[in-house]
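> Sharing query15.txt here; it has compact mmCIF, C-alpha atoms and all ligand atoms.
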```txt
# COMPACT_ATOMS: atom_id res chain seq x y z
CA MET A 1 -2.86 32.20 -10.53
CA LYS A 2 -5.04 31.28 -7.58
CA ARG A 3 -3.64 28.85 -5.05
CA GLU A 4 -5.84 26.52 -3.10
CA LEU A 5 -5.10 25.04 0.29
CA ARG A 6 -6.43 21.60 1.05
CA VAL A 7 -6.04 19.34 4.06
CA ASP A 8 -6.05 15.56 3.96
CA PRO A 9 -8.75 14.98 6.60
CA THR A 10 -7.36 11.59 7.63
CA ASN A 11 -3.87 12.76 8.66
CA ASN A 12 -3.98 16.60 8.51
CA ASP A 13 -1.36 16.78 5.74
CA ILE A 14 -1.43 20.22 4.15
CA ILE A 15 -1.38 20.45 0.36
CA ILE A 16 -0.98 23.59 -1.74
CA PHE A 17 -2.56 23.25 -5.15
CA ALA A 18 -0.59 25.21 -7.71
CA ARG A 19 -2.01 24.22 -11.03
CA GLU A 20 0.35 25.88 -13.48
CA ARG A 21 3.41 24.28 -11.89
CA ALA A 22 2.55 21.19 -13.95
CA ALA A 23 3.96 23.12 -16.91
CA ARG A 24 7.44 23.29 -15.35
CA PRO A 25 10.16 21.87 -17.56
CA LEU A 26 10.60 18.52 -15.84
CA ASP A 27 11.22 16.37 -18.84
CA LYS A 28 14.97 16.70 -18.88
CA VAL A 29 15.20 14.94 -15.53
CA LYS A 30 14.51 11.43 -16.71
CA GLN A 31 13.92 8.75 -14.14
CA ASN A 32 16.55 6.17 -14.57
CA ILE A 33 15.28 2.84 -13.40
CA SER A 34 16.82 0.76 -16.14
CA GLU A 35 19.77 -0.28 -14.00
CA GLU A 36 17.32 -1.89 -11.61
CA ASN A 37 16.25 -4.07 -14.45
CA HIS A 38 12.70 -4.89 -13.55
CA ASN A 39 12.41 -7.15 -16.55
CA GLU A 40 14.88 -9.85 -15.80
CA GLU A 41 14.68 -13.58 -16.37
CA GLU A 42 12.21 -15.79 -14.55
CA TYR A 43 15.06 -17.32 -12.54
CA LYS A 44 18.25 -15.76 -11.20
CA GLU A 45 20.93 -17.95 -9.74
CA ASP A 46 22.08 -15.64 -6.95
CA CYS A 47 18.61 -14.42 -5.87
CA PRO A 48 17.63 -15.87 -2.47
CA PHE A 49 13.91 -15.47 -3.22
CA CYS A 50 13.82 -17.42 -6.49
CA SER A 51 12.16 -20.78 -6.76
CA GLY A 52 15.01 -23.32 -6.73
CA ASN A 53 17.18 -21.29 -4.32
CA GLU A 54 15.31 -22.23 -1.15
CA GLU A 55 18.53 -23.16 0.68
CA LYS A 56 19.59 -19.49 0.59
CA THR A 57 16.87 -18.39 3.05
CA SER A 58 15.35 -19.73 6.24
CA GLU A 59 12.61 -22.29 5.88
CA SER A 60 9.24 -20.86 4.89
CA VAL A 61 6.62 -20.37 7.60
CA GLU A 62 3.80 -20.69 5.07
CA GLU A 63 3.50 -21.52 1.39
CA ILE A 64 0.67 -21.43 -1.09
CA CYS A 65 1.27 -24.23 -3.56
CA ILE A 66 -0.22 -25.41 -6.82
CA ASN A 67 0.67 -28.99 -7.83
CA ASP A 68 3.26 -29.19 -5.03
CA LYS A 69 5.12 -26.13 -6.26
CA TRP A 70 5.08 -22.96 -4.17
CA ILE A 71 3.65 -19.90 -5.88
CA ALA A 72 3.94 -17.50 -2.93
CA LYS A 73 5.52 -17.99 0.48
CA SER A 74 6.43 -16.22 3.69
CA ILE A 75 9.78 -16.53 5.46
CA LYS A 76 11.33 -15.09 8.60
CA ASN A 77 13.32 -11.95 7.77
CA LYS A 78 17.03 -12.68 8.02
CA TYR A 79 17.69 -9.06 9.03
CA PRO A 80 14.64 -8.23 11.15
CA ILE A 81 13.77 -4.68 12.31
CA VAL A 82 12.37 -6.22 15.50
CA ASP A 83 12.67 -9.58 17.23
CA MET A 84 11.26 -11.17 20.36
CA GLU A 85 14.50 -10.75 22.34
CA SER A 86 14.16 -7.09 23.39
CA GLU A 87 11.77 -5.62 25.91
CA GLU A 88 11.31 -2.02 24.81
CA ILE A 89 10.14 -2.88 21.34
CA TYR A 90 9.60 -6.40 20.16
CA GLY A 91 7.85 -8.30 17.42
CA ILE A 92 8.14 -10.60 14.44
CA HIS A 93 9.33 -9.64 10.98
CA GLU A 94 8.49 -11.76 7.95
CA VAL A 95 9.12 -11.34 4.23
CA ILE A 96 6.32 -12.36 1.92
CA ILE A 97 7.70 -13.49 -1.42
CA GLU A 98 4.70 -12.71 -3.57
CA ASN A 99 5.61 -14.89 -6.50
CA PHE A 100 8.14 -17.57 -7.37
CA ARG A 101 9.09 -15.78 -10.59
CA HIS A 102 12.09 -13.46 -10.31
CA ASN A 103 10.65 -11.08 -12.86
CA ALA A 104 7.12 -10.97 -11.42
CA ASN A 105 5.92 -7.54 -10.38
CA PHE A 106 2.63 -5.67 -9.94
CA PHE A 107 2.85 -4.50 -13.53
CA ASN A 108 2.89 -8.01 -15.00
CA MET A 109 1.27 -10.31 -12.43
CA THR A 110 -1.99 -11.99 -13.43
CA GLU A 111 -5.20 -11.58 -11.45
CA GLU A 112 -4.77 -15.16 -10.32
CA GLU A 113 -1.29 -14.36 -8.96
CA PHE A 114 -2.64 -11.31 -7.14
CA LYS A 115 -5.33 -13.50 -5.54
CA ILE A 116 -2.72 -15.92 -4.20
CA MET A 117 -0.69 -12.99 -2.91
CA PHE A 118 -3.64 -11.42 -1.08
CA LYS A 119 -4.58 -14.76 0.39
CA LEU A 120 -1.10 -15.10 1.83
CA TYR A 121 -1.09 -11.48 3.07
CA ILE A 122 -4.31 -12.17 4.99
CA ASN A 123 -3.17 -15.55 6.35
CA ARG A 124 0.07 -14.10 7.69
CA TYR A 125 -1.74 -11.08 9.11
CA LYS A 126 -4.17 -13.39 10.93
CA TYR A 127 -1.40 -15.57 12.25
CA LEU A 128 0.80 -12.71 13.49
CA SER A 129 -2.07 -10.78 15.05
CA ARG A 130 -2.67 -13.69 17.42
CA GLU A 131 0.88 -13.65 18.80
CA LYS A 132 1.25 -12.63 22.41
CA GLY A 133 1.86 -8.96 23.21
CA ILE A 134 1.33 -7.73 19.64
CA GLU A 135 -0.50 -4.41 19.36
CA TYR A 136 -0.31 -3.81 15.63
CA VAL A 137 0.54 -5.73 12.45
CA ASN A 138 2.14 -3.57 9.79
CA LEU A 139 2.02 -4.76 6.17
CA PHE A 140 3.91 -2.78 3.57
CA LYS A 141 5.75 -3.10 0.31
CA ASN A 142 8.62 -1.34 -1.45
CA PHE A 143 9.18 -1.79 -5.16
CA LEU A 144 12.52 -0.88 -6.74
CA ARG A 145 15.52 0.60 -5.01
CA SER A 146 14.36 4.20 -4.87
CA SER A 147 11.26 3.17 -2.89
CA GLY A 148 13.43 1.43 -0.30
CA ALA A 149 13.57 -2.11 -1.67
CA SER A 150 16.87 -3.89 -1.14
CA LEU A 151 16.10 -6.93 -3.27
CA MET A 152 14.49 -6.77 -6.69
CA HIS A 153 12.51 -10.00 -6.41
CA SER A 154 8.95 -8.86 -5.67
CA HIS A 155 8.17 -9.07 -1.96
CA ALA A 156 6.22 -7.42 0.83
CA GLN A 157 7.05 -7.24 4.51
CA ILE A 158 4.86 -7.85 7.49
CA ILE A 159 5.91 -6.80 10.96
CA ALA A 160 4.03 -7.61 14.13
CA LEU A 161 4.81 -4.88 16.67
CA SER A 162 4.46 -4.41 20.39
CA MET A 163 3.29 -0.82 19.77
CA ILE A 164 1.05 1.15 17.43
CA PRO A 165 3.26 3.05 14.96
CA PRO A 166 3.03 6.88 15.20
CA GLU A 167 1.62 7.35 11.69
CA VAL A 168 -1.30 5.05 12.47
CA GLN A 169 -1.65 6.56 15.94
CA LYS A 170 -1.96 9.99 14.33
CA GLU A 171 -4.74 8.78 12.03
CA LEU A 172 -6.50 7.11 14.96
CA VAL A 173 -6.42 10.26 17.10
CA ILE A 174 -7.77 12.39 14.23
CA ALA A 175 -10.57 9.90 13.52
CA HIS A 176 -11.38 9.60 17.22
CA ASP A 177 -11.55 13.39 17.67
CA TYR A 178 -13.77 13.67 14.60
CA TYR A 179 -16.08 11.04 16.05
CA GLY A 180 -16.22 13.02 19.28
CA TRP A 181 -17.17 16.27 17.56
CA GLU A 182 -19.27 15.13 14.65
CA LYS A 183 -20.71 11.95 16.19
CA THR A 184 -20.06 10.26 12.83
CA ASN A 185 -17.24 8.17 11.38
CA LEU A 186 -14.76 10.28 9.35
CA TYR A 187 -14.13 7.51 6.82
CA GLU A 188 -17.85 6.86 6.35
CA ASP A 189 -18.34 10.57 5.71
CA ILE A 190 -15.52 10.54 3.14
CA LEU A 191 -17.00 7.47 1.45
CA SER A 192 -20.49 8.95 1.16
CA GLU A 193 -19.13 12.29 -0.03
CA GLU A 194 -17.06 10.51 -2.70
CA ARG A 195 -19.98 8.29 -3.74
CA GLU A 196 -22.09 11.36 -4.25
CA TYR A 197 -19.39 13.37 -6.06
CA LYS A 198 -18.27 10.35 -8.18
CA LYS A 199 -15.43 12.16 -10.03
CA ARG A 200 -12.60 10.89 -7.81
CA ILE A 201 -13.72 7.26 -7.68
CA ILE A 202 -11.78 4.89 -9.88
CA TYR A 203 -13.45 1.65 -8.83
CA SER A 204 -16.37 0.67 -6.59
CA GLY A 205 -16.01 -2.66 -4.86
CA THR A 206 -18.77 -4.33 -2.85
CA ARG A 207 -17.12 -3.30 0.43
CA PHE A 208 -14.57 -0.67 -0.65
CA LEU A 209 -13.93 2.33 -2.87
CA ALA A 210 -10.69 2.92 -4.75
CA LEU A 211 -10.25 6.65 -5.21
CA ILE A 212 -7.86 9.51 -5.78
CA PRO A 213 -8.00 11.44 -2.48
CA SER A 214 -9.24 15.04 -2.60
CA ALA A 215 -5.93 15.96 -0.95
CA SER A 216 -2.87 13.78 -0.51
CA LYS A 217 0.82 14.46 -0.05
CA ASN A 218 1.21 12.30 -3.15
CA PRO A 219 -1.02 13.59 -5.97
CA THR A 220 -0.98 10.24 -7.76
CA GLU A 221 -1.89 8.17 -4.69
CA VAL A 222 -4.70 5.66 -5.01
CA ARG A 223 -6.40 5.09 -1.66
CA ILE A 224 -8.59 2.08 -1.08
CA ILE A 225 -11.03 2.70 1.76
CA PHE A 226 -13.14 -0.14 3.12
CA ASP A 227 -16.58 0.17 4.64
CA LYS A 228 -17.01 0.51 8.37
CA GLY A 229 -16.25 -2.61 10.36
CA VAL A 230 -14.30 -4.48 7.65
CA LYS A 231 -11.10 -5.85 9.14
CA PHE A 232 -8.05 -6.91 7.16
CA GLU A 233 -8.10 -10.37 8.69
CA ASP A 234 -11.76 -10.78 7.67
CA LEU A 235 -11.40 -9.99 3.96
CA ASP A 236 -13.30 -12.72 2.11
CA GLU A 237 -13.10 -14.40 -1.30
CA ASN A 238 -15.13 -11.67 -2.96
CA ASP A 239 -12.95 -8.89 -1.48
CA ILE A 240 -9.83 -10.73 -2.67
CA GLU A 241 -11.30 -11.12 -6.14
CA GLU A 242 -12.19 -7.42 -6.38
CA LEU A 243 -8.88 -6.29 -4.91
CA SER A 244 -6.95 -8.44 -7.38
CA TYR A 245 -8.94 -7.07 -10.29
CA SER A 246 -8.39 -3.50 -9.02
CA PHE A 247 -4.65 -3.93 -8.41
CA LYS A 248 -4.12 -5.50 -11.83
CA ASN A 249 -5.79 -2.50 -13.47
CA ILE A 250 -4.42 0.21 -11.19
CA PHE A 251 -0.90 -0.84 -12.10
CA LYS A 252 -1.80 -1.20 -15.77
CA ASN A 253 -3.03 2.40 -15.68
CA TYR A 254 0.02 3.63 -13.76
CA GLU A 255 2.23 1.99 -16.37
CA GLU A 256 0.36 3.70 -19.18
CA MET A 257 0.77 7.06 -17.44
CA PHE A 258 4.29 6.80 -16.04
CA GLY A 259 5.93 3.57 -17.18
CA ILE A 260 7.23 1.05 -14.65
CA ILE A 261 7.96 3.14 -11.58
CA PRO A 262 8.91 2.56 -7.95
CA PHE A 263 6.04 2.54 -5.48
CA ASN A 264 5.09 1.77 -1.90
CA ILE A 265 2.02 0.09 -0.46
CA CYS A 266 0.95 0.75 3.15
CA VAL A 267 -1.93 -1.13 4.70
CA HIS A 268 -3.44 0.81 7.60
CA SER A 269 -5.45 -1.69 9.56
CA HIS A 270 -7.06 -1.74 12.99
CA PRO A 271 -4.87 -2.02 16.07
CA LEU A 272 -5.36 -5.22 18.04
CA GLY A 273 -5.63 -4.21 21.66
CA ILE A 274 -8.22 -1.43 21.43
CA GLU A 275 -11.64 -1.23 19.79
CA THR A 276 -11.49 1.32 16.96
CA LYS A 277 -14.04 -0.09 14.52
CA LYS A 278 -16.66 2.59 15.05
CA TYR A 279 -14.44 5.52 14.09
CA PHE A 280 -11.54 4.09 12.03
CA ASN A 281 -11.74 2.18 8.73
CA LEU A 282 -9.26 -0.17 7.11
CA HIS A 283 -7.54 1.47 4.14
CA ILE A 284 -4.62 0.91 1.78
CA HIS A 285 -2.34 3.66 0.48
CA ILE A 286 -0.74 3.04 -2.92
CA PHE A 287 2.06 5.57 -3.34
CA PRO A 288 3.78 5.74 -6.71
CA ARG A 289 7.21 7.34 -6.31
CA LYS A 290 7.05 9.29 -9.53
CA PHE A 291 7.78 12.60 -7.84
CA ASN A 292 10.26 12.88 -5.04
CA TYR A 293 9.95 15.39 -2.22
CA GLY A 294 12.19 18.41 -2.25
CA GLY A 295 13.51 20.87 0.30
CA PHE A 296 10.22 22.73 0.58
CA GLU A 297 8.34 19.60 1.65
CA LEU A 298 11.12 18.45 3.99
CA SER A 299 11.48 21.81 5.69
CA THR A 300 7.79 22.70 6.00
CA SER A 301 5.84 19.41 5.95
CA MET A 302 3.60 21.09 3.39
CA TYR A 303 3.16 19.46 0.02
CA VAL A 304 2.66 21.00 -3.37
CA SER A 305 0.44 19.47 -6.00
CA SER A 306 -0.16 20.59 -9.55
CA PHE A 307 -2.58 17.83 -10.45
CA PRO A 308 -6.31 17.99 -9.74
CA PRO A 309 -7.39 14.60 -8.37
CA GLU A 310 -10.32 14.55 -10.79
CA GLU A 311 -7.93 14.55 -13.74
CA ILE A 312 -5.80 11.75 -12.31
CA ALA A 313 -8.99 9.81 -11.54
CA GLU A 314 -10.12 10.09 -15.12
CA LYS A 315 -6.89 8.49 -16.31
CA MET A 316 -6.92 5.86 -13.58
CA ARG A 317 -10.59 4.81 -13.81
CA ILE A 318 -11.22 1.08 -14.09
CA LYS A 319 -14.07 -0.60 -15.96
CA GLU A 320 -16.62 -2.30 -13.75
CA LYS A 321 -15.86 -5.98 -13.62
ZN ZN A 401 14.51 -13.97 -7.59
ZN ZN A 402 -3.57 5.73 6.39
```
Please lay out the structure from this file as structure tokens.

Amino acid sequence: MKRELRVDPTNNDIIIFARERAARPLDKVKQNISEENHNEEEYKEDCPFCSGNEEKTSESVEEICINDKWIAKSIKNKYPIVDMESEEIYGIHEVIIENFRHNANFFNMTEEEFKIMFKLYINRYKYLSREKGIEYVNLFKNFLRSSGASLMHSHAQIIALSMIPPEVQKELVIAHDYYGWEKTNLYEDILSEEREYKKRIIYSGTRFLALIPSASKNPTEVRIIFDKGVKFEDLDENDIEELSYSFKNIFKNYEEMFGIIPFNICVHSHPLGIETKKYFNLHIHIFPRKFNYGGFELSTSMYVSSFPPEEIAEKMRIKEK
């Protein structure tokens, strides 16, 4: 059968579409996430992130409270990747505990809980981006052990860094080159192409599109791309409302398709020290870890997909709010 080669224009990842490979007998390899027990009790005595166990972690740097009770909070990471003590690479590493409930996760959180979480994400981002010598603020999330999470209680991490990470640097260079050749913004071109084509869009926000990329190293990725000039620190009430509605439904749809699975979230925002707004747009990668990479991907950096994005988009599409 015919193979098709596609390139993710934002990072030059190469994807080989091999449609009939979807028929491979995969079913015998069941994903075993039951031991990670995502559906525990609301409170766990030995969990440092649970409400009631505050003495087990450092004091929070920020809390969002309702009736004097914290709903979400950020704390200094006890085991930071970077600190302010070194010269070569330095920064600040915080853990954002997204909800006080031990058993909260993106598959069961309410829209209201998502709103509080996004508000805290943005507040911490704003705060850390103003720290001296910081070039980039990296916000990401791991859910369940096989995505890299070490604690089950739902949390994200935010790291202010003295350098721009290579993955973001790569995207910046590609977008900058594109701007040089085409005299237009790569992300704007993707957005208008997707708006015209429609079949890969799963939700249209006022200032963003949620879509299944035409090519991605992860065929079930949802990418949220914001309009030109929108910065993470400037997301407003309406953006938060639409993001919360989208996230609630994206994870509802993932659950219907795959069950409760590990995933990663990567926010790719603008660097702080250089002006990139005219050629680079804020975007969020949502990477379900349904399929793991094998030897072919590791040895070649080429990725194989058997799922047309249009078909995934049809299953993932969200009703207009
Ligand atoms: Zn907990
Ligand atoms: Zn990106």
> Write out as a PDB file with C-alpha atoms, in the coordinates of the input which residues come within 8 Å of Leu128 in chain A when counting only C-alpha atoms, dropping same-chain ones fewer than 3 positions away.

```
ATOM      1  CA  ILE A  92       8.140 -10.600  14.440  1.00  0.00           C
ATOM      2  CA  ARG A 124       0.070 -14.100   7.690  1.00  0.00           C
ATOM      3  CA  TYR A 125      -1.740 -11.080   9.110  1.00  0.00           C
ATOM      4  CA  GLU A 131       0.880 -13.650  18.800  1.00  0.00           C
ATOM      5  CA  ILE A 134       1.330  -7.730  19.640  1.00  0.00           C
ATOM      6  CA  VAL A 137       0.540  -5.730  12.450  1.00  0.00           C
ATOM      7  CA  ALA A 160       4.030  -7.610  14.130  1.00  0.00           C
TER       8      ALA A 160
END
```
> May I have the residues within 10 Å of Pro9 in chain A as a PyMOL selection string, using only C-alpha atoms and disregarding those fewer than 2 positions away in the same chain?
chain A and resi 6-7+11-14+171+174-175+178+186-187+190+213-216
> Which residues are near ligand ZN 401 (chain A) in this structure, taking near to mean any atom at most 7 Å from a ligand atom and counting only C-alpha atoms and all ligand atoms? Format them as a ChimeraX atom specification.
/A:43-44,47-50,101-102,153
> Tell me which of A:Lys277, A:Lys290, A:His155, A:Arg223 sits closest to ligand ZN 402 (chain A), counting all atoms listed in the file.
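The shortest atom-to-atom distance to ligand ZN 402 (chain A) comes from A:Arg223.
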> What is the CA of Ile260 in chain A to CA of Lys78 in chain A distance in Å?
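That distance, rounded to one decimal, is 28.3 Å.
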> Using all atoms listed in the file, find the one residue out of A:Glu242, A:Thr10, A:Ile201, A:Tyr136 that sits nearest to ligand ZN 402 (chain A).
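For ligand ZN 402 (chain A), the nearest of the given residues is A:Thr10.
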> Between A:Ile97, A:Leu298, A:Ile158, A:Ile202, which is the closest to Tyr127 in chain A once you count all atoms listed in the file?
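Using all atoms listed in the file, the shortest distance to Tyr127 in chain A belongs to A:Ile158.
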> Given a cut-off of 9 Å, what residues near ligand ZN 402 (chain A) show up using all atoms listed in the file, put as a list in words?
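What falls inside 9 Å of ligand ZN 402 (chain A) is Thr10, Asn11, Glu167, Val168, Glu171, Arg223, Cys266, Val267, His268, Ser269, Leu282, His283, Ile284 and His285 of chain A.
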> Within 9 Å of (3.6, 26.6, -2.8) (file coordinates; all atoms listed in the file), which protein or nucleic acid residues are there? I'd like them as a PyMOL selection string.
chain A and resi 3+15-18+296+302-305
> From the options A:Pro309, A:Ile250, A:Ser150, A:Met117, which residue's atoms come nearest to Arg19 in chain A, counting all atoms listed in the file?
A:Pro309
> Figure out the distance between CA of Glu62 in chain A and CA of Asn249 in chain A, please, to one decimal in Å.
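CA of Glu62 in chain A lies at a distance of 27.7 Å from CA of Asn249 in chain A.
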> What does the distance from CA of Phe263 in chain A to CA of Tyr90 in chain A come to in Å, to one decimal?
27.4 Å
> Within 12 Å of Met163 in chain A, counting only C-alpha atoms, which residues qualify if same-chain residues fewer than 2 places away don't, as an mmCIF file with C-alpha atoms, in the coordinates of the input?

```cif
data_model
loop_
_atom_site.group_PDB
_atom_site.id
_atom_site.type_symbol
_atom_site.label_atom_id
_atom_site.label_comp_id
_atom_site.auth_asym_id
_atom_site.auth_seq_id
_atom_site.Cartn_x
_atom_site.Cartn_y
_atom_site.Cartn_z
ATOM 1 C CA VAL A 82 12.370 -6.220 15.500
ATOM 2 C CA GLU A 87 11.770 -5.620 25.910
ATOM 3 C CA GLU A 88 11.310 -2.020 24.810
ATOM 4 C CA ILE A 89 10.140 -2.880 21.340
ATOM 5 C CA TYR A 90 9.600 -6.400 20.160
ATOM 6 C CA GLY A 91 7.850 -8.300 17.420
ATOM 7 C CA GLY A 133 1.860 -8.960 23.210
ATOM 8 C CA ILE A 134 1.330 -7.730 19.640
ATOM 9 C CA GLU A 135 -0.500 -4.410 19.360
ATOM 10 C CA TYR A 136 -0.310 -3.810 15.630
ATOM 11 C CA VAL A 137 0.540 -5.730 12.450
ATOM 12 C CA ASN A 138 2.140 -3.570 9.790
ATOM 13 C CA ILE A 159 5.910 -6.800 10.960
ATOM 14 C CA ALA A 160 4.030 -7.610 14.130
ATOM 15 C CA LEU A 161 4.810 -4.880 16.670
ATOM 16 C CA PRO A 165 3.260 3.050 14.960
ATOM 17 C CA PRO A 166 3.030 6.880 15.200
ATOM 18 C CA GLU A 167 1.620 7.350 11.690
ATOM 19 C CA VAL A 168 -1.300 5.050 12.470
ATOM 20 C CA GLN A 169 -1.650 6.560 15.940
ATOM 21 C CA PRO A 271 -4.870 -2.020 16.070
ATOM 22 C CA LEU A 272 -5.360 -5.220 18.040
ATOM 23 C CA GLY A 273 -5.630 -4.210 21.660
ATOM 24 C CA ILE A 274 -8.220 -1.430 21.430
#
```
> With distances taken over all atoms listed in the file, which of A:Ser306, A:Asn99, A:Asn185, A:Ser301 is nearest to Glu113 in chain A?
A:Asn99
> Anything within 9 Å of (7.1, -7.0, -11.3): list those residues as a PyMOL selection string, counting only C-alpha atoms and sticking to the file's coordinates.
chain A and resi 38-39+102-109+143+152-154+260
